[in-house]
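Chemist: One structure is given below, represented as structure tokens, and several questions about it will come after.
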Amino acid sequence: MLYSDLASTFDRLESTGSRLEMASILAEFFRGADKSELRDIVYLCQGKLHPDFYPSVLGMSDKLVLKAIVEATFADEKKAEQLLIKSGDPGEVVVTLMGKKKQTNLFAFDAAPEKGELSVGDVVKSLGQIEKASGKRSQDKKIEIFKGLITKSTPNEAKYLSRMVTGRMRVGAGDMTILDALAEAFATKEERPEIERAFNVTCDIGLVAQTIAEGGMDSIREIGVRVGSPVKVMLAERLPSVSELVEKMGGKCAMEYKYDGIRVQAHISRDGNVKLFSRRLEDLTPNFPDIAQSLRTRCNFAEAIIEGECVAIHPETGFMLPFQTVTHRRKKHGMDEAVRDVPVRIFMFDILYADGNDMTSLPYPERRKALESGFSLGGMVQMTTMKIVESPEDGERFFASAVSARCEGIMAKSLAPESVYRAGSRGFLWIKYKKDYQQALTDSFDLVVVGAFYGMGKRAGKYGALLMAAFDPEEGLFETVCKLGTGFDDEFLDGMAGLLGDDISETMPRSVDAEMVPDVWFEPTVVLEVVAAEITLSPIHTAARDLIKEGSGLGIRFPRFTGRVRDDKAPEQATTVDEIVRMYGMQSHDSDGLSSEGGNAREE
Ligand code: AMP
């Protein structure tokens, strides 16, 4: 397939804001694509060459890309730099520069014989070489390869290539839209959940695309969990009291301590290799080499996938330490010291696979039994503390013991025959209850920064407040819920610009839905933990707009940053709009004439 056909499809995707239409455009394109190329095509639509959990990423700095563009187009360097400062998009820069050259030197650009003949295969090959370039001259190599690509490209192709290598491909082809498109192209609407299941157990959208194109739904149904491919994690619902939690579980359930650490999914292979994935699919093995080693030694299965929470332990007292301590293990440098200074344990709570058996379809009691007997427990490898609870009083006692053991709260888990491991889904098979719920009206929120406001007074010259959003997976949009200006200490304020990076956007990003306009927009990447007093109807915020009341969305009142940057969560794993709607439903609404106040004024 020609890359120009793919680039034209990107144009079509960019010209619509409707997810339905995007799915149809993609479906039509996928149907016409060569089956063997579909996997690469799907990755390219998302600006990648591999699934998300692949260790290396395709990344060139703006400076390198600009250099290649300048060399390929014989443009003036200064002018190119100015264009980039103005538009912030190397894709726009290359189009402008190639357009200019076309007027003066026809042969050099559009009319060159090989123009528009780049194949998808050529692009994948060159981008792969850029990704792999290493060593002393790696930057020069990258420039050379990219220059070669640009020289063979039309301006439109060069636009998307420049965006792709700088991590700016945002044509709207999110996972959910691609799954919709695959269902439309190769299956039926009713079969869409089965396609999503295949994605949830492999986290590999390209594999799912290739499988359905080549083998249809029968092959999709055969996709199971496999060692090496992370499985999307199962998540818990929340309820506001222990008694409601026991009642919802039908009067009897398992309760486990809810540990305050970092969730890991450990893939233990036959060859002795162990890989630890975070819930956002990063490789955490280098951060917890001691845990990886202990799991291998203590695992009685030849191969398995388990989940647990890694918690920091006080070296002398053996007490569990708060989350902030274990995050010392997440830094990029000085890992040897961190491993030495921050001892950790893993508290295992689930098993997804063991010796050829997909365990995700077994009920919780069977999985728990298999997990417990599958390991020689001890040292760093422990099970979560668990008790079968049959009354609210039992539950309260268990909760109190969890808090005194320095845990965050409890996790209730269903014992029912249907208590399977639901990859990628949040439901009432697991329900969390945290000690914070007793102090505030609601749980904390993990919200995504989509914009910032310049500070005034003491905060002059820095960002003073942030525009925060929840995620709506149905729409694939980040919808705003508050302006956050409280809870930042001086150190955080000073480092805020660095944390938010330079993913600044001139206009509202395509994945954001907001009415409040900040001074600066950000592509949604950074997740912050926020607590708040209350969820209220809001005339300005867009989360759940019109759902509860015509013309109103939901906003959160008196939001405060807890100091915790949730870098373990991808923006799509932030609190969802649905969750906020449910939390709103859990509040008492005695004071519900709130919409008149619900805007900006009451949020700071
Ligand atoms: P939250 O991040 O507040 O939605 O809570 C869910 C997280 O609690 C999971 O992703 C795990 O990281 C963590 N967790 C701690 N203890 C347990 C447990 N016993 N079972 C399941 N998850 C747990």
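The way I read the labels, and the way they are meant: chains A, B, ... in the order of the structure tokens, residue 1 as the first residue of every chain, and ligand 1 as the first ligand shown, with later ones counted on from there.
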Gly174 of chain A: which residues within 8 Å, counting only C-alpha atoms, same-chain residues fewer than 2 positions away excluded, as JSON, numbers by chain?
Modeler: {"A": [46, 172, 176, 177, 178, 476]}
Chemist: Quick one: write out the picked residues with N, CA, C and O atoms as an mmCIF file, in the first residue's frame?
Modeler:
```
data_model
loop_
_atom_site.group_PDB
_atom_site.id
_atom_site.type_symbol
_atom_site.label_atom_id
_atom_site.label_comp_id
_atom_site.auth_asym_id
_atom_site.auth_seq_id
_atom_site.Cartn_x
_atom_site.Cartn_y
_atom_site.Cartn_z
ATOM 1 N N GLN A 46 -1.849 5.293 15.035
ATOM 2 C CA GLN A 46 -1.706 5.788 16.404
ATOM 3 C C GLN A 46 -0.333 6.413 16.645
ATOM 4 O O GLN A 46 0.044 6.672 17.791
ATOM 5 N N GLY A 172 -6.978 11.106 16.004
ATOM 6 C CA GLY A 172 -8.239 10.674 16.622
ATOM 7 C C GLY A 172 -8.464 9.172 16.573
ATOM 8 O O GLY A 172 -9.560 8.707 16.881
ATOM 9 N N MET A 176 -10.402 2.743 21.198
ATOM 10 C CA MET A 176 -11.835 2.433 21.086
ATOM 11 C C MET A 176 -12.339 2.671 19.661
ATOM 12 O O MET A 176 -13.152 1.913 19.140
ATOM 13 N N THR A 177 -11.834 3.729 19.020
ATOM 14 C CA THR A 177 -12.252 4.019 17.641
ATOM 15 C C THR A 177 -11.743 2.919 16.696
ATOM 16 O O THR A 177 -12.465 2.473 15.800
ATOM 17 N N ILE A 178 -10.517 2.460 16.919
ATOM 18 C CA ILE A 178 -9.987 1.388 16.055
ATOM 19 C C ILE A 178 -10.804 0.104 16.264
ATOM 20 O O ILE A 178 -11.132 -0.594 15.304
ATOM 21 N N GLY A 476 -14.101 9.281 24.064
ATOM 22 C CA GLY A 476 -12.656 9.448 23.884
ATOM 23 C C GLY A 476 -12.226 10.881 24.187
ATOM 24 O O GLY A 476 -11.252 11.376 23.623
#
```
Chemist: Taking only C-alpha atoms and all ligand atoms into account, list the residues no farther than 7 Å from ligand 1, as a PDB file with N, CA, C and O atoms, in the first residue's frame.
Modeler:
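Writing the result to pocket.pdb gives the following:
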```pdb
ATOM      1  N   LEU A 235     -10.438  -3.389  37.665  1.00  0.00           N
ATOM      2  CA  LEU A 235     -10.523  -2.256  38.591  1.00  0.00           C
ATOM      3  C   LEU A 235     -11.745  -2.375  39.489  1.00  0.00           C
ATOM      4  O   LEU A 235     -12.680  -3.120  39.196  1.00  0.00           O
ATOM      5  N   ALA A 236     -11.713  -1.595  40.580  1.00  0.00           N
ATOM      6  CA  ALA A 236     -12.770  -1.709  41.586  1.00  0.00           C
ATOM      7  C   ALA A 236     -13.743  -0.535  41.524  1.00  0.00           C
ATOM      8  O   ALA A 236     -13.356   0.585  41.197  1.00  0.00           O
ATOM      9  N   GLU A 256      -9.919  -7.929  51.498  1.00  0.00           N
ATOM     10  CA  GLU A 256      -8.458  -7.905  51.542  1.00  0.00           C
ATOM     11  C   GLU A 256      -8.013  -6.526  51.982  1.00  0.00           C
ATOM     12  O   GLU A 256      -8.718  -5.544  51.757  1.00  0.00           O
ATOM     13  N   TYR A 257      -6.840  -6.450  52.600  1.00  0.00           N
ATOM     14  CA  TYR A 257      -6.249  -5.138  52.866  1.00  0.00           C
ATOM     15  C   TYR A 257      -6.014  -4.461  51.526  1.00  0.00           C
ATOM     16  O   TYR A 257      -5.646  -5.120  50.545  1.00  0.00           O
ATOM     17  N   LYS A 258      -6.224  -3.135  51.496  1.00  0.00           N
ATOM     18  CA  LYS A 258      -5.867  -2.379  50.299  1.00  0.00           C
ATOM     19  C   LYS A 258      -4.539  -1.677  50.580  1.00  0.00           C
ATOM     20  O   LYS A 258      -4.481  -0.740  51.375  1.00  0.00           O
ATOM     21  N   TYR A 259      -3.485  -2.190  49.972  1.00  0.00           N
ATOM     22  CA  TYR A 259      -2.118  -1.707  50.240  1.00  0.00           C
ATOM     23  C   TYR A 259      -1.863  -0.433  49.454  1.00  0.00           C
ATOM     24  O   TYR A 259      -2.388  -0.243  48.352  1.00  0.00           O
ATOM     25  N   ASP A 260      -1.002   0.423  50.010  1.00  0.00           N
ATOM     26  CA  ASP A 260      -0.744   1.727  49.393  1.00  0.00           C
ATOM     27  C   ASP A 260       0.612   1.695  48.700  1.00  0.00           C
ATOM     28  O   ASP A 260       1.615   2.166  49.238  1.00  0.00           O
ATOM     29  N   GLY A 261       0.650   1.092  47.537  1.00  0.00           N
ATOM     30  CA  GLY A 261       1.939   0.973  46.852  1.00  0.00           C
ATOM     31  C   GLY A 261       1.773   1.107  45.358  1.00  0.00           C
ATOM     32  O   GLY A 261       0.950   1.890  44.883  1.00  0.00           O
ATOM     33  N   ILE A 262       2.563   0.345  44.611  1.00  0.00           N
ATOM     34  CA  ILE A 262       2.512   0.393  43.142  1.00  0.00           C
ATOM     35  C   ILE A 262       2.067  -0.983  42.647  1.00  0.00           C
ATOM     36  O   ILE A 262       2.643  -2.005  43.028  1.00  0.00           O
ATOM     37  N   ARG A 263       1.040  -0.965  41.805  1.00  0.00           N
ATOM     38  CA  ARG A 263       0.535  -2.245  41.282  1.00  0.00           C
ATOM     39  C   ARG A 263       1.492  -2.782  40.230  1.00  0.00           C
ATOM     40  O   ARG A 263       1.912  -2.027  39.350  1.00  0.00           O
ATOM     41  N   GLU A 309       0.716  -5.788  44.816  1.00  0.00           N
ATOM     42  CA  GLU A 309       1.055  -4.391  45.106  1.00  0.00           C
ATOM     43  C   GLU A 309       2.444  -4.373  45.750  1.00  0.00           C
ATOM     44  O   GLU A 309       2.695  -5.094  46.729  1.00  0.00           O
ATOM     45  N   PHE A 349      -2.252 -10.473  44.916  1.00  0.00           N
ATOM     46  CA  PHE A 349      -3.698 -10.608  45.098  1.00  0.00           C
ATOM     47  C   PHE A 349      -4.408 -11.309  43.943  1.00  0.00           C
ATOM     48  O   PHE A 349      -5.599 -11.564  44.027  1.00  0.00           O
ATOM     49  N   THR A 384      -1.789 -10.916  50.017  1.00  0.00           N
ATOM     50  CA  THR A 384      -2.537  -9.867  50.721  1.00  0.00           C
ATOM     51  C   THR A 384      -3.279 -10.524  51.890  1.00  0.00           C
ATOM     52  O   THR A 384      -3.726 -11.677  51.776  1.00  0.00           O
ATOM     53  N   MET A 411     -10.410  -3.867  50.196  1.00  0.00           N
ATOM     54  CA  MET A 411     -10.972  -4.244  48.904  1.00  0.00           C
ATOM     55  C   MET A 411     -11.903  -5.417  49.181  1.00  0.00           C
ATOM     56  O   MET A 411     -11.444  -6.449  49.706  1.00  0.00           O
ATOM     57  N   LYS A 432     -13.913  -1.012  46.521  1.00  0.00           N
ATOM     58  CA  LYS A 432     -12.909  -0.463  47.450  1.00  0.00           C
ATOM     59  C   LYS A 432     -13.576   0.456  48.463  1.00  0.00           C
ATOM     60  O   LYS A 432     -14.607   1.075  48.188  1.00  0.00           O
TER      61      LYS A 432
END
```
Chemist: Could you pull the residues within 10 Å of Val326 of chain A, counting only C-alpha atoms, minus those fewer than 2 positions along the same chain, as a ChimeraX atom specification?
Modeler: /A:260-262,310-313,321-324,328-330,338,342-344
Chemist: When you count only C-alpha atoms, which of these residues is closest to Val531 of chain A: A:Leu49, A:Ala354, A:Leu484, A:Val246?
Modeler: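 Going through A:Leu49, A:Ala354, A:Leu484, A:Val246 one by one, the smallest distance to Val531 of chain A is for A:Leu484.
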Chemist: Which of these residues is nearest to Leu84 of chain A, using only C-alpha atoms: A:Arg137, A:Lys67, A:Lys434, A:Arg279?
Modeler: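 Nearest to Leu84 of chain A: A:Lys67.
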Chemist: Check segment 387-530 of chain A with DSSP on the backbone and list each residue it calls helix (DSSP H, G or I), as a ChimeraX atom specification.
Modeler: /A:392-404,436-439,457-459,490-500
Chemist: Write out as a list in words each polymer residue whose atoms come within 12 Å of Glu144 of chain A, counting only C-alpha atoms; drop sequence neighbours fewer than 5 positions from it.
Modeler: Leu64, Val65, Lys67, Ala68, Ile69, Val70, Glu71, Ala72, Ser126, Leu127, Gln129, Ile130, Ala133, Arg137, Ser138, Gln139, Leu149, Ile150 and Thr151 of chain A
Chemist: Write the residues of the preceding selection, restricted to N, CA and C atoms, as a CSV table (one decimal), in the first residue's frame.
Modeler:
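Result written to result01.csv:
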```
chain,number,residue,atom,x,y,z
A,64,LEU,N,16.2,18.0,16.0
A,64,LEU,CA,16.7,17.1,15.0
A,64,LEU,C,15.8,17.1,13.7
A,65,VAL,N,14.5,17.0,14.0
A,65,VAL,CA,13.6,17.0,12.8
A,65,VAL,C,13.7,18.2,12.0
A,67,LYS,N,16.2,20.1,11.7
A,67,LYS,CA,17.5,20.1,10.9
A,67,LYS,C,17.3,19.2,9.6
A,68,ALA,N,16.7,18.1,9.8
A,68,ALA,CA,16.5,17.2,8.6
A,68,ALA,C,15.6,17.9,7.6
A,69,ILE,N,14.5,18.6,8.1
A,69,ILE,CA,13.6,19.3,7.2
A,69,ILE,C,14.4,20.4,6.4
A,70,VAL,N,15.2,21.2,7.2
A,70,VAL,CA,16.0,22.3,6.6
A,70,VAL,C,16.9,21.7,5.5
A,71,GLU,N,17.6,20.6,5.8
A,71,GLU,CA,18.5,20.1,4.8
A,71,GLU,C,17.7,19.5,3.6
A,72,ALA,N,16.6,18.9,3.8
A,72,ALA,CA,15.9,18.3,2.7
A,72,ALA,C,15.2,19.3,1.8
A,126,SER,N,12.0,2.6,7.4
A,126,SER,CA,12.9,3.8,7.8
A,126,SER,C,12.6,4.2,9.2
A,127,LEU,N,11.4,4.3,9.6
A,127,LEU,CA,11.1,4.7,11.0
A,127,LEU,C,11.7,3.7,12.0
A,129,GLN,N,14.5,2.1,11.5
A,129,GLN,CA,15.9,2.4,11.5
A,129,GLN,C,16.2,3.6,12.4
A,130,ILE,N,15.3,4.6,12.3
A,130,ILE,CA,15.4,5.7,13.2
A,130,ILE,C,15.3,5.3,14.7
A,133,ALA,N,18.5,3.5,15.8
A,133,ALA,CA,19.8,4.1,15.7
A,133,ALA,C,20.4,4.4,17.0
A,137,ARG,N,27.1,8.3,16.7
A,137,ARG,CA,26.6,9.1,15.6
A,137,ARG,C,25.1,8.9,15.4
A,138,SER,N,24.4,8.5,16.5
A,138,SER,CA,23.0,8.1,16.3
A,138,SER,C,22.1,9.3,15.8
A,139,GLN,N,22.5,10.5,16.3
A,139,GLN,CA,21.7,11.7,15.9
A,139,GLN,C,21.9,12.0,14.4
A,149,LEU,N,13.6,10.2,3.9
A,149,LEU,CA,12.1,10.0,3.8
A,149,LEU,C,11.4,11.3,3.3
A,150,ILE,N,11.8,12.4,3.8
A,150,ILE,CA,11.2,13.7,3.4
A,150,ILE,C,11.5,14.0,1.9
A,151,THR,N,12.7,13.6,1.5
A,151,THR,CA,13.0,13.9,0.1
A,151,THR,C,12.1,13.1,-0.8
```
